[in-house]
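**Q** Quick one: structure below, then a few questions.
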Amino acid sequence: MKTVQLLNYARDAWIPGHGVLAELTSAIDGSLVATIGSGGLDFGDMLRHAREVGGPALRAMTFHDRARMIKGLGLAIMSRKEELYELNYLTGATRKDGWIDIEGGAGTLFSFSSKARRELPDAHVLLDGAVEPLSKSGSFIGQHIYTSMQGAAVHINAFNFPVWGMLEKLAPTLLAGMPAIVKPASSTAYLCEAAVRVMIDTGLLPPGAVQLIVGGVGDLFDHLTGQDVVSFTGSASTALKLRSHPVVQRESVKFVAEQDSLNASLLGPDAAPGTPEFDLFVKEVVNEMTVKAGQKCTAIRRAMAPAEHLDAVEAAIRERLSATRVGDPREKESRMGALVSTDQRDDVRGQIAKLTAAGARIVAGNPDASPGIAGGAFMEPILLRTDDPWGTAAVHDVEAFGPVSTVMPYRNIADAISLANRGMGSLALSLFTLSPDVAREFVQGAAAYHGRMLVIDRTNAAESTGHGSPLPVLVHGGPGRAGGSEEMGGVRGVKHYMQRTAIQSSPTMIAAISEQYIPGGPKHEVKLHPFRCRMSELKIGDTLKTKSRAVTIEDIEHFAEFTGDKFYAHMDEEAAKASPIFEGRVAHGYLILSFAAGLFVDPDPGPVLANTGLENLRFLTPLYPGDSMRVELTVRAKSLKSEDTGVVRWAVEIFNQKDELVATYDLLTENVP
Ligand code: NDP
């Protein structure tokens with residue numbers, strides 16, 4: 001392959017760095033792949049461009065516009081994935097490893113896109129929680145909202161997943177309406193640069209939305225402000241250096257960190273040799289040691305088993321490891337490729353030396369062996385063992401970021417919890433047990449120290465997504481040593497790039513600000529029944545006011561007979577009177593809901609396709625025989641579920657003849673967009 005100089009993408013142009021260029025080599029044979037450098041870039045100007053050009057363009061789009069944009073980026077990655085797979089091999093990764101990085105990265109964009117279209121409004125502002133009543137008459141209320149931060153998100157990524165690592169940060173950032181400046185780890189920057197090129201080529205990104213720095217970040221941090229966010233993945237030492245930067249401190253720059261993590265996996269006390277859980281545990285430990293040559297932030301570094309089963313665990317892992325073929329990642333037979341570089345391999349060997357110096361023994365693999373191709377960064381998977389996990393502190397503190405794991409015993413669940421938590425904060429932990437009691441005791445004792453926990457047994461293993469796979473819909477991050485942050489987690493991850501503000505005003509003002517109907521806010525009574533309108537024709541605040549109908553004792557008795565719900569409050573006048581809540585027999589809540597539907601539903605086929613649910617239902621005032629009821633049905637919010645289905649959220653308010661609110665809820669319908 002021809003050596004190329006990777007380009008920076010600054011101010012919407014591809015720009016070569018000047019001055020000294022760093023050389024990037026292939027993990028397979030050490031040959032030169034590319035050169036990089038960011039000399040000559042004006043980092044302050046890049047930040048300004050993001051804030052002044054990218055930010056406003058993204059903020060002009062709604063959540064749904066941005067969701068469609070990131071889906072388009074994912075489709076482009078998929079359509080050009082083979083270009084990326086070719087570069088993936090040079091990082092030492094097999095095709096299977098590359099699938100996690102490349103297709104996993106595109107999948108993350110798809111997942112965020114569809115979650116955003118389902119869970120975020122087609123608007124610019126996100127509400128946080130319900131209205132807080134602050135006054136007697138309701139003229140003054142509080143509402144928390146999220147709006148896009150107005151700076152730039154600086155993404156500093158690790159070497160191990162050059163595509164996924166970038167996209168898992170870009171998806172929530174762009175959805176939030178914030179531009180990003182991406183700085184990949186140097187050693188695999190050629191793969192990240194290629195993926196950025198694919199996205200820029202789509203033309204979907206507005207100017208200034210994404211910029212790329214290949215090489216050092218120069219004085220970028222000197223120009224940060226409190227509207228910027230730094231999102232970092234890498235070592236704890238670099239994280240500490242960057243989060244201690246005086247400008248980060250002075251400006252209270254939001255700092256999201258994913259760093260070192262000594263993740264654990266635990267064989268439950270019930271999972272003796274011969275049980276499916278034992279076999280699943282062994283398989284998962286070996287898988288996590290060898291996928292991506294163990295260079296995964298979530299890989300299992302500490303494998304814990306009941307003391308009486310430790311010999312069996314060690315033997316089973318050794319046997320499986322012996323079948324792991326290490327070699328050229330381009331060859332199908334290779335189960336494990338190379339580490340990213342010979343420097344990284346030296347680093348891993350150094351960490352193994354620290355573990356053995358502390359008392360752990362190597363029970364499988366030779367760290368000094370160099371299998372595979374000459375000049376490449378290959379190594380054998382290394383299994384260590386300690387029989388004294390409390391006396392060997394290093395096994396909980398030293399992360400060998402390669403195909404390395406340590407098996408260790410525990411005495412009982414309390415001991416296992418303490419050992420798991422001794423990692424001082426991790427990204428992922430798995431427990432293999434069939435016992436709900438073990439699961440409850442362990443998870444309640446250890447969850448505070450771990451960002452994600454899997455409890456695996458014979459019933460869910462086949463469909464499990466695995467110990468080491470962060471998922472876009474679940475949080476990725478962990479306390480303490482793991483960095484103390486959370487990424488992804490669906491809409492939670494989007495909020496990292498938005499500011500929460502408490503707004504206090506009238507319902508009218510808050511409805512205008514949030515682009516949603518708020519109870520007490522303005523309504524526009526419509527003549528044409530809203531069920532006759534496509535979603536795009538409905539406006540927020542459009543309201544159907546129904547006629548009113550009486551509710552009689554015969555209605556209540558008929559409903560009770562028909563449904564079988566003969567609860568005393570509906571059927572027994574004396575008992576109802578004696579209750580502290582009612583003055584006599586009352587209409588069933590379900591009867592009120594049914595009558596409400598009878599009042600507001602327009603029966604003919606049309607753009608409303610289905611009722612998909614009710615939310616936030618509250619019965620506020622009892623309805624007595626002889627009372628009457630009417631409904632106000634208001635368009636609260638609209639969102640797109642797919643290209644051809646929309647979801648309308650209707651505020652349903654049911655009033656009695658005195659205009660007291662009897663019941664209120666949100667009705668969700670699927671509509672033709
Ligand atoms: P580093 O912390 O050295 O690098 C991480 C990122 O930070 C890279 O993009 C790197 O760029 C950048 N960086 C380094 N120094 C600076 C600086 N002064 N200013 C701005 N950016 C900087 O980690 P490595 O990638 O070398 O990995 C080392 C260790 O990190 C691993 O052994 C592992 O323990 C841990 N790690 C943890 C991960 C996790 O998700 N928890 C993932 C990957 C690694 P450059 O490459 O150009 O130096």
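Residues are referred to by chain and number: the chain letter is A, B, ... according to the order shown in the structure tokens, the number counts from 1 in that chain, and ligands are numbered separately from 1 in the order shown.
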Hey, which residues come within 6 Å of ligand 1 if we count only C-alpha atoms and all ligand atoms? Could you give them as a ChimeraX atom specification?

**A** /A:156-160,183-187,215-217,233-235,238,258-261,297,399,401

**Q** From the DSSP assignment of the backbone, select every residue of segment 526-568 of chain A that is alpha helix (DSSP H), and format the answer as number ranges by chain.

**A** A: 553-563, 568

**Q** Can I get the selection written as a PDB file, in the first residue's frame, with N, CA and C atoms?

**A**
ATOM      1  N   ILE A 553     -76.651   6.144  36.761  1.00  0.00           N
ATOM      2  CA  ILE A 553     -76.452   4.941  37.579  1.00  0.00           C
ATOM      3  C   ILE A 553     -76.625   3.691  36.710  1.00  0.00           C
ATOM      4  N   GLU A 554     -77.502   3.792  35.689  1.00  0.00           N
ATOM      5  CA  GLU A 554     -77.697   2.644  34.787  1.00  0.00           C
ATOM      6  C   GLU A 554     -76.413   2.369  33.993  1.00  0.00           C
ATOM      7  N   ASP A 555     -75.736   3.458  33.590  1.00  0.00           N
ATOM      8  CA  ASP A 555     -74.459   3.290  32.872  1.00  0.00           C
ATOM      9  C   ASP A 555     -73.463   2.513  33.755  1.00  0.00           C
ATOM     10  N   ILE A 556     -73.407   2.906  35.031  1.00  0.00           N
ATOM     11  CA  ILE A 556     -72.428   2.293  35.938  1.00  0.00           C
ATOM     12  C   ILE A 556     -72.771   0.816  36.138  1.00  0.00           C
ATOM     13  N   GLU A 557     -74.038   0.537  36.330  1.00  0.00           N
ATOM     14  CA  GLU A 557     -74.431  -0.863  36.562  1.00  0.00           C
ATOM     15  C   GLU A 557     -74.255  -1.708  35.302  1.00  0.00           C
ATOM     16  N   HIS A 558     -74.571  -1.111  34.182  1.00  0.00           N
ATOM     17  CA  HIS A 558     -74.377  -1.830  32.918  1.00  0.00           C
ATOM     18  C   HIS A 558     -72.889  -2.173  32.720  1.00  0.00           C
ATOM     19  N   PHE A 559     -72.044  -1.177  33.009  1.00  0.00           N
ATOM     20  CA  PHE A 559     -70.593  -1.387  32.839  1.00  0.00           C
ATOM     21  C   PHE A 559     -70.100  -2.478  33.792  1.00  0.00           C
ATOM     22  N   ALA A 560     -70.607  -2.453  35.026  1.00  0.00           N
ATOM     23  CA  ALA A 560     -70.190  -3.446  36.021  1.00  0.00           C
ATOM     24  C   ALA A 560     -70.588  -4.845  35.573  1.00  0.00           C
ATOM     25  N   GLU A 561     -71.816  -4.987  35.071  1.00  0.00           N
ATOM     26  CA  GLU A 561     -72.286  -6.298  34.613  1.00  0.00           C
ATOM     27  C   GLU A 561     -71.488  -6.760  33.404  1.00  0.00           C
ATOM     28  N   PHE A 562     -71.293  -5.830  32.490  1.00  0.00           N
ATOM     29  CA  PHE A 562     -70.656  -6.141  31.206  1.00  0.00           C
ATOM     30  C   PHE A 562     -69.191  -6.564  31.401  1.00  0.00           C
ATOM     31  N   THR A 563     -68.474  -5.858  32.282  1.00  0.00           N
ATOM     32  CA  THR A 563     -67.035  -6.133  32.431  1.00  0.00           C
ATOM     33  C   THR A 563     -66.741  -7.063  33.597  1.00  0.00           C
ATOM     34  N   TYR A 568     -66.889  -2.266  45.188  1.00  0.00           N
ATOM     35  CA  TYR A 568     -67.960  -1.705  46.025  1.00  0.00           C
ATOM     36  C   TYR A 568     -68.199  -0.219  45.755  1.00  0.00           C
TER      37      TYR A 568
END

**Q** Can you pull out the residues contacting Lys547 of chain A? Cut-off 7 Å, using only C-alpha atoms, and skip same-chain residues under 2 positions away; I want them as an MDAnalysis selection string.

**A** chainID A and resid 545 549 630

**Q** Could you turn the residues from that selection into a file that holds N, CA, C and O atoms, as an mmCIF file, in the first residue's frame?

**A**
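Done, and the output landed in part.cif:
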data_model
loop_
_atom_site.group_PDB
_atom_site.id
_atom_site.type_symbol
_atom_site.label_atom_id
_atom_site.label_comp_id
_atom_site.auth_asym_id
_atom_site.auth_seq_id
_atom_site.Cartn_x
_atom_site.Cartn_y
_atom_site.Cartn_z
ATOM 1 N N LYS A 545 -62.875 20.088 21.039
ATOM 2 C CA LYS A 545 -63.709 20.136 22.243
ATOM 3 C C LYS A 545 -64.961 19.330 21.953
ATOM 4 O O LYS A 545 -65.704 19.663 21.014
ATOM 5 N N ARG A 549 -71.699 14.487 27.846
ATOM 6 C CA ARG A 549 -72.696 13.430 28.021
ATOM 7 C C ARG A 549 -72.897 13.171 29.509
ATOM 8 O O ARG A 549 -71.990 13.330 30.327
ATOM 9 N N ARG A 630 -67.118 15.908 29.574
ATOM 10 C CA ARG A 630 -66.745 16.289 28.215
ATOM 11 C C ARG A 630 -65.220 16.213 28.127
ATOM 12 O O ARG A 630 -64.535 16.140 29.162
#

**Q** Where in segment 284-529 of chain A does DSSP assign strand (DSSP E), given as an NGL selection string?

**A** :A and (300-306 or 361-364 or 382-385 or 404-410 or 426-432 or 450-456 or 475-478 or 485-488 or 498-505 or 524-525)

**Q** Can you spit out the residues from that selection as a CSV table (one decimal), in the first residue's frame, using C-alpha atoms?

**A**
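File produced: again-v3.csv:
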chain,number,residue,atom,x,y,z
A,300,ILE,CA,-12.4,-9.2,31.4
A,301,ARG,CA,-9.1,-8.7,33.4
A,302,ARG,CA,-10.2,-10.5,36.5
A,303,ALA,CA,-11.9,-13.8,36.4
A,304,MET,CA,-13.2,-14.9,39.8
A,305,ALA,CA,-14.4,-18.4,40.8
A,306,PRO,CA,-15.3,-20.2,44.0
A,361,ARG,CA,1.8,-16.8,38.1
A,362,ILE,CA,1.6,-17.3,34.4
A,363,VAL,CA,-0.4,-20.5,33.8
A,364,ALA,CA,-0.9,-20.2,30.0
A,382,ILE,CA,-1.6,-14.9,28.7
A,383,LEU,CA,-3.5,-16.3,31.6
A,384,LEU,CA,-2.3,-15.5,35.1
A,385,ARG,CA,-3.4,-16.9,38.4
A,404,VAL,CA,-4.3,-10.9,29.4
A,405,SER,CA,-6.5,-12.0,32.3
A,406,THR,CA,-6.0,-13.3,35.8
A,407,VAL,CA,-8.0,-16.0,37.5
A,408,MET,CA,-8.5,-15.8,41.3
A,409,PRO,CA,-10.6,-17.5,44.0
A,410,TYR,CA,-13.2,-16.1,46.3
A,426,SER,CA,-15.2,-0.6,36.3
A,427,LEU,CA,-17.1,-0.4,33.0
A,428,ALA,CA,-18.6,-3.9,32.9
A,429,LEU,CA,-19.0,-6.9,35.1
A,430,SER,CA,-20.6,-10.3,34.3
A,431,LEU,CA,-21.9,-12.9,36.7
A,432,PHE,CA,-22.7,-16.5,35.7
A,450,HIS,CA,-19.8,-0.9,38.1
A,451,GLY,CA,-21.3,0.8,35.1
A,452,ARG,CA,-22.9,-2.2,33.4
A,453,MET,CA,-23.6,-5.7,34.8
A,454,LEU,CA,-24.7,-8.8,33.0
A,455,VAL,CA,-26.2,-11.8,34.8
A,456,ILE,CA,-25.9,-14.7,32.4
A,475,VAL,CA,-24.9,3.5,29.5
A,476,HIS,CA,-21.2,2.9,28.9
A,477,GLY,CA,-19.0,4.2,31.6
A,478,GLY,CA,-18.2,3.5,35.2
A,485,SER,CA,-18.7,9.3,33.4
A,486,GLU,CA,-21.4,7.8,31.3
A,487,GLU,CA,-21.6,7.7,27.5
A,488,MET,CA,-24.5,6.6,25.3
A,498,MET,CA,-27.1,19.9,26.3
A,499,GLN,CA,-27.7,22.4,29.1
A,500,ARG,CA,-30.5,21.9,31.6
A,501,THR,CA,-32.2,25.1,32.5
A,502,ALA,CA,-35.1,25.7,35.0
A,503,ILE,CA,-37.7,28.0,33.3
A,504,GLN,CA,-40.3,29.8,35.5
A,505,SER,CA,-43.1,31.5,33.7
A,524,HIS,CA,-56.6,26.5,19.2
A,525,GLU,CA,-60.1,24.9,18.8

**Q** Give me, as an mmCIF file with N, CA, C and O atoms, in the first residue's frame, all polymer residues having an atom no more than 12 Å from segment 197-203 of chain A, counting only C-alpha atoms and skipping those fewer than 2 positions away in the same chain.

**A**
data_model
loop_
_atom_site.group_PDB
_atom_site.id
_atom_site.type_symbol
_atom_site.label_atom_id
_atom_site.label_comp_id
_atom_site.auth_asym_id
_atom_site.auth_seq_id
_atom_site.Cartn_x
_atom_site.Cartn_y
_atom_site.Cartn_z
ATOM 1 N N LEU A 6 -1.869 11.613 6.044
ATOM 2 C CA LEU A 6 -3.269 11.827 6.424
ATOM 3 C C LEU A 6 -3.517 13.321 6.541
ATOM 4 O O LEU A 6 -2.630 14.078 6.946
ATOM 5 N N LEU A 7 -4.741 13.712 6.218
ATOM 6 C CA LEU A 7 -5.076 15.138 6.238
ATOM 7 C C LEU A 7 -5.981 15.474 7.417
ATOM 8 O O LEU A 7 -6.778 14.640 7.865
ATOM 9 N N ASN A 8 -5.818 16.680 7.883
ATOM 10 C CA ASN A 8 -6.743 17.221 8.871
ATOM 11 C C ASN A 8 -7.949 17.771 8.116
ATOM 12 O O ASN A 8 -7.850 18.147 6.944
ATOM 13 N N TYR A 9 -9.088 17.839 8.790
ATOM 14 C CA TYR A 9 -10.258 18.465 8.172
ATOM 15 C C TYR A 9 -10.633 19.647 9.057
ATOM 16 O O TYR A 9 -11.211 19.484 10.132
ATOM 17 N N ALA A 10 -10.216 20.834 8.614
ATOM 18 C CA ALA A 10 -10.403 22.031 9.435
ATOM 19 C C ALA A 10 -11.109 23.085 8.600
ATOM 20 O O ALA A 10 -10.764 23.298 7.431
ATOM 21 N N ASP A 12 -13.829 23.055 7.117
ATOM 22 C CA ASP A 12 -14.455 22.454 5.926
ATOM 23 C C ASP A 12 -13.488 22.244 4.756
ATOM 24 O O ASP A 12 -13.905 22.241 3.598
ATOM 25 N N ALA A 13 -12.190 22.060 5.085
ATOM 26 C CA ALA A 13 -11.215 21.772 4.022
ATOM 27 C C ALA A 13 -10.211 20.740 4.532
ATOM 28 O O ALA A 13 -9.903 20.699 5.725
ATOM 29 N N TRP A 14 -9.735 19.906 3.589
ATOM 30 C CA TRP A 14 -8.716 18.902 3.936
ATOM 31 C C TRP A 14 -7.352 19.577 3.896
ATOM 32 O O TRP A 14 -6.957 20.120 2.863
ATOM 33 N N MET A 69 -30.090 12.742 9.625
ATOM 34 C CA MET A 69 -28.723 12.989 9.145
ATOM 35 C C MET A 69 -27.784 11.871 9.624
ATOM 36 O O MET A 69 -27.013 11.325 8.830
ATOM 37 N N ILE A 70 -27.843 11.514 10.898
ATOM 38 C CA ILE A 70 -26.884 10.506 11.365
ATOM 39 C C ILE A 70 -27.216 9.122 10.794
ATOM 40 O O ILE A 70 -26.325 8.306 10.600
ATOM 41 N N LYS A 71 -28.477 8.889 10.481
ATOM 42 C CA LYS A 71 -28.804 7.628 9.803
ATOM 43 C C LYS A 71 -28.134 7.601 8.431
ATOM 44 O O LYS A 71 -27.563 6.584 8.019
ATOM 45 N N GLY A 72 -28.157 8.728 7.752
ATOM 46 C CA GLY A 72 -27.513 8.826 6.430
ATOM 47 C C GLY A 72 -26.012 8.583 6.540
ATOM 48 O O GLY A 72 -25.413 7.927 5.670
ATOM 49 N N LEU A 73 -25.399 9.070 7.607
ATOM 50 C CA LEU A 73 -23.962 8.845 7.795
ATOM 51 C C LEU A 73 -23.695 7.350 7.993
ATOM 52 O O LEU A 73 -22.736 6.793 7.449
ATOM 53 N N GLY A 74 -24.564 6.698 8.757
ATOM 54 C CA GLY A 74 -24.401 5.259 8.990
ATOM 55 C C GLY A 74 -24.554 4.469 7.703
ATOM 56 O O GLY A 74 -23.801 3.522 7.446
ATOM 57 N N LEU A 75 -25.515 4.866 6.867
ATOM 58 C CA LEU A 75 -25.716 4.163 5.594
ATOM 59 C C LEU A 75 -24.486 4.311 4.702
ATOM 60 O O LEU A 75 -24.077 3.376 4.015
ATOM 61 N N ALA A 76 -23.867 5.497 4.750
ATOM 62 C CA ALA A 76 -22.667 5.722 3.934
ATOM 63 C C ALA A 76 -21.514 4.844 4.423
ATOM 64 O O ALA A 76 -20.785 4.242 3.622
ATOM 65 N N ILE A 77 -21.362 4.729 5.735
ATOM 66 C CA ILE A 77 -20.306 3.860 6.286
ATOM 67 C C ILE A 77 -20.544 2.424 5.805
ATOM 68 O O ILE A 77 -19.614 1.728 5.383
ATOM 69 N N MET A 78 -21.807 1.993 5.852
ATOM 70 C CA MET A 78 -22.098 0.615 5.433
ATOM 71 C C MET A 78 -21.818 0.423 3.945
ATOM 72 O O MET A 78 -21.295 -0.614 3.536
ATOM 73 N N SER A 79 -22.145 1.426 3.144
ATOM 74 C CA SER A 79 -21.982 1.221 1.701
ATOM 75 C C SER A 79 -20.511 1.246 1.297
ATOM 76 O O SER A 79 -20.152 0.720 0.257
ATOM 77 N N ARG A 80 -19.651 1.825 2.140
ATOM 78 C CA ARG A 80 -18.218 1.844 1.793
ATOM 79 C C ARG A 80 -17.397 1.066 2.816
ATOM 80 O O ARG A 80 -16.207 1.329 3.016
ATOM 81 N N LYS A 81 -18.027 0.095 3.466
ATOM 82 C CA LYS A 81 -17.343 -0.583 4.570
ATOM 83 C C LYS A 81 -16.103 -1.358 4.125
ATOM 84 O O LYS A 81 -15.144 -1.483 4.889
ATOM 85 N N GLU A 82 -16.104 -1.869 2.881
ATOM 86 C CA GLU A 82 -14.950 -2.681 2.470
ATOM 87 C C GLU A 82 -13.661 -1.860 2.443
ATOM 88 O O GLU A 82 -12.591 -2.361 2.747
ATOM 89 N N GLU A 83 -13.770 -0.560 2.086
ATOM 90 C CA GLU A 83 -12.583 0.313 2.135
ATOM 91 C C GLU A 83 -12.039 0.358 3.565
ATOM 92 O O GLU A 83 -10.834 0.395 3.793
ATOM 93 N N LEU A 84 -12.958 0.379 4.506
ATOM 94 C CA LEU A 84 -12.561 0.488 5.905
ATOM 95 C C LEU A 84 -11.995 -0.833 6.423
ATOM 96 O O LEU A 84 -11.026 -0.858 7.185
ATOM 97 N N ALA A 106 -21.552 1.925 12.671
ATOM 98 C CA ALA A 106 -22.722 2.330 11.867
ATOM 99 C C ALA A 106 -24.002 1.975 12.618
ATOM 100 O O ALA A 106 -24.953 2.758 12.658
ATOM 101 N N LEU A 109 -24.974 4.545 15.062
ATOM 102 C CA LEU A 109 -25.663 5.688 14.438
ATOM 103 C C LEU A 109 -27.133 5.345 14.177
ATOM 104 O O LEU A 109 -28.026 6.141 14.463
ATOM 105 N N VAL A 163 -13.265 3.566 14.529
ATOM 106 C CA VAL A 163 -14.529 3.972 13.909
ATOM 107 C C VAL A 163 -15.636 4.040 14.978
ATOM 108 O O VAL A 163 -16.223 5.086 15.213
ATOM 109 N N MET A 166 -15.236 6.736 17.552
ATOM 110 C CA MET A 166 -15.615 8.069 17.087
ATOM 111 C C MET A 166 -17.143 8.197 17.018
ATOM 112 O O MET A 166 -17.708 9.189 17.484
ATOM 113 N N LEU A 167 -17.799 7.171 16.457
ATOM 114 C CA LEU A 167 -19.241 7.294 16.196
ATOM 115 C C LEU A 167 -20.081 7.221 17.467
ATOM 116 O O LEU A 167 -21.142 7.835 17.548
ATOM 117 N N LEU A 170 -19.950 10.756 18.368
ATOM 118 C CA LEU A 170 -20.552 11.681 17.394
ATOM 119 C C LEU A 170 -22.076 11.588 17.376
ATOM 120 O O LEU A 170 -22.749 12.608 17.244
ATOM 121 N N TYR A 190 -5.399 6.441 10.608
ATOM 122 C CA TYR A 190 -5.700 6.276 9.170
ATOM 123 C C TYR A 190 -7.096 5.688 8.961
ATOM 124 O O TYR A 190 -7.774 6.017 7.991
ATOM 125 N N LEU A 191 -7.522 4.823 9.883
ATOM 126 C CA LEU A 191 -8.854 4.231 9.738
ATOM 127 C C LEU A 191 -9.932 5.263 10.095
ATOM 128 O O LEU A 191 -10.958 5.384 9.417
ATOM 129 N N CYS A 192 -9.668 6.032 11.137
ATOM 130 C CA CYS A 192 -10.625 7.075 11.530
ATOM 131 C C CYS A 192 -10.738 8.123 10.418
ATOM 132 O O CYS A 192 -11.843 8.533 10.046
ATOM 133 N N GLU A 193 -9.600 8.525 9.871
ATOM 134 C CA GLU A 193 -9.612 9.548 8.809
ATOM 135 C C GLU A 193 -10.454 9.069 7.622
ATOM 136 O O GLU A 193 -11.231 9.831 7.035
ATOM 137 N N ALA A 194 -10.303 7.767 7.280
ATOM 138 C CA ALA A 194 -11.067 7.231 6.147
ATOM 139 C C ALA A 194 -12.565 7.281 6.445
ATOM 140 O O ALA A 194 -13.381 7.603 5.569
ATOM 141 N N ALA A 195 -12.938 6.974 7.695
ATOM 142 C CA ALA A 195 -14.361 6.999 8.056
ATOM 143 C C ALA A 195 -14.890 8.432 8.034
ATOM 144 O O ALA A 195 -16.029 8.676 7.613
ATOM 145 N N LEU A 205 -23.524 16.553 6.254
ATOM 146 C CA LEU A 205 -23.131 17.335 7.435
ATOM 147 C C LEU A 205 -23.083 18.813 7.075
ATOM 148 O O LEU A 205 -22.435 19.188 6.096
ATOM 149 N N PRO A 206 -23.716 19.669 7.852
ATOM 150 C CA PRO A 206 -23.601 21.095 7.548
ATOM 151 C C PRO A 206 -22.164 21.577 7.786
ATOM 152 O O PRO A 206 -21.419 20.948 8.553
ATOM 153 N N PRO A 207 -21.750 22.658 7.133
ATOM 154 C CA PRO A 207 -20.398 23.170 7.337
ATOM 155 C C PRO A 207 -20.119 23.375 8.823
ATOM 156 O O PRO A 207 -20.988 23.820 9.571
ATOM 157 N N GLY A 208 -18.912 23.012 9.235
ATOM 158 C CA GLY A 208 -18.505 23.241 10.624
ATOM 159 C C GLY A 208 -18.997 22.200 11.607
ATOM 160 O O GLY A 208 -18.672 22.259 12.786
ATOM 161 N N ALA A 209 -19.799 21.216 11.131
ATOM 162 C CA ALA A 209 -20.372 20.243 12.075
ATOM 163 C C ALA A 209 -19.324 19.271 12.591
ATOM 164 O O ALA A 209 -19.363 18.855 13.746
ATOM 165 N N VAL A 210 -18.392 18.869 11.705
ATOM 166 C CA VAL A 210 -17.350 17.924 12.123
ATOM 167 C C VAL A 210 -16.013 18.406 11.578
ATOM 168 O O VAL A 210 -15.911 18.780 10.408
ATOM 169 N N GLN A 211 -14.991 18.415 12.438
ATOM 170 C CA GLN A 211 -13.618 18.701 12.010
ATOM 171 C C GLN A 211 -12.729 17.595 12.576
ATOM 172 O O GLN A 211 -13.119 16.901 13.525
ATOM 173 N N LEU A 212 -11.552 17.441 11.988
ATOM 174 C CA LEU A 212 -10.676 16.322 12.365
ATOM 175 C C LEU A 212 -9.250 16.826 12.562
ATOM 176 O O LEU A 212 -8.745 17.587 11.732
#

**Q** Calculated over only C-alpha atoms, which of the candidates A:Ile581, A:Thr147, A:Leu262, A:Asp270 has the smallest distance to Ala439 of chain A?

**A**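 Smallest separation from Ala439 of chain A among the options: A:Asp270.
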
**Q** Find the distance between atom CA of Asp457 of chain A and atom CA of Lys96 of chain A and write it in Å to one decimal.

**A**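 Distance reported for this atom pair: 24.6 Å.
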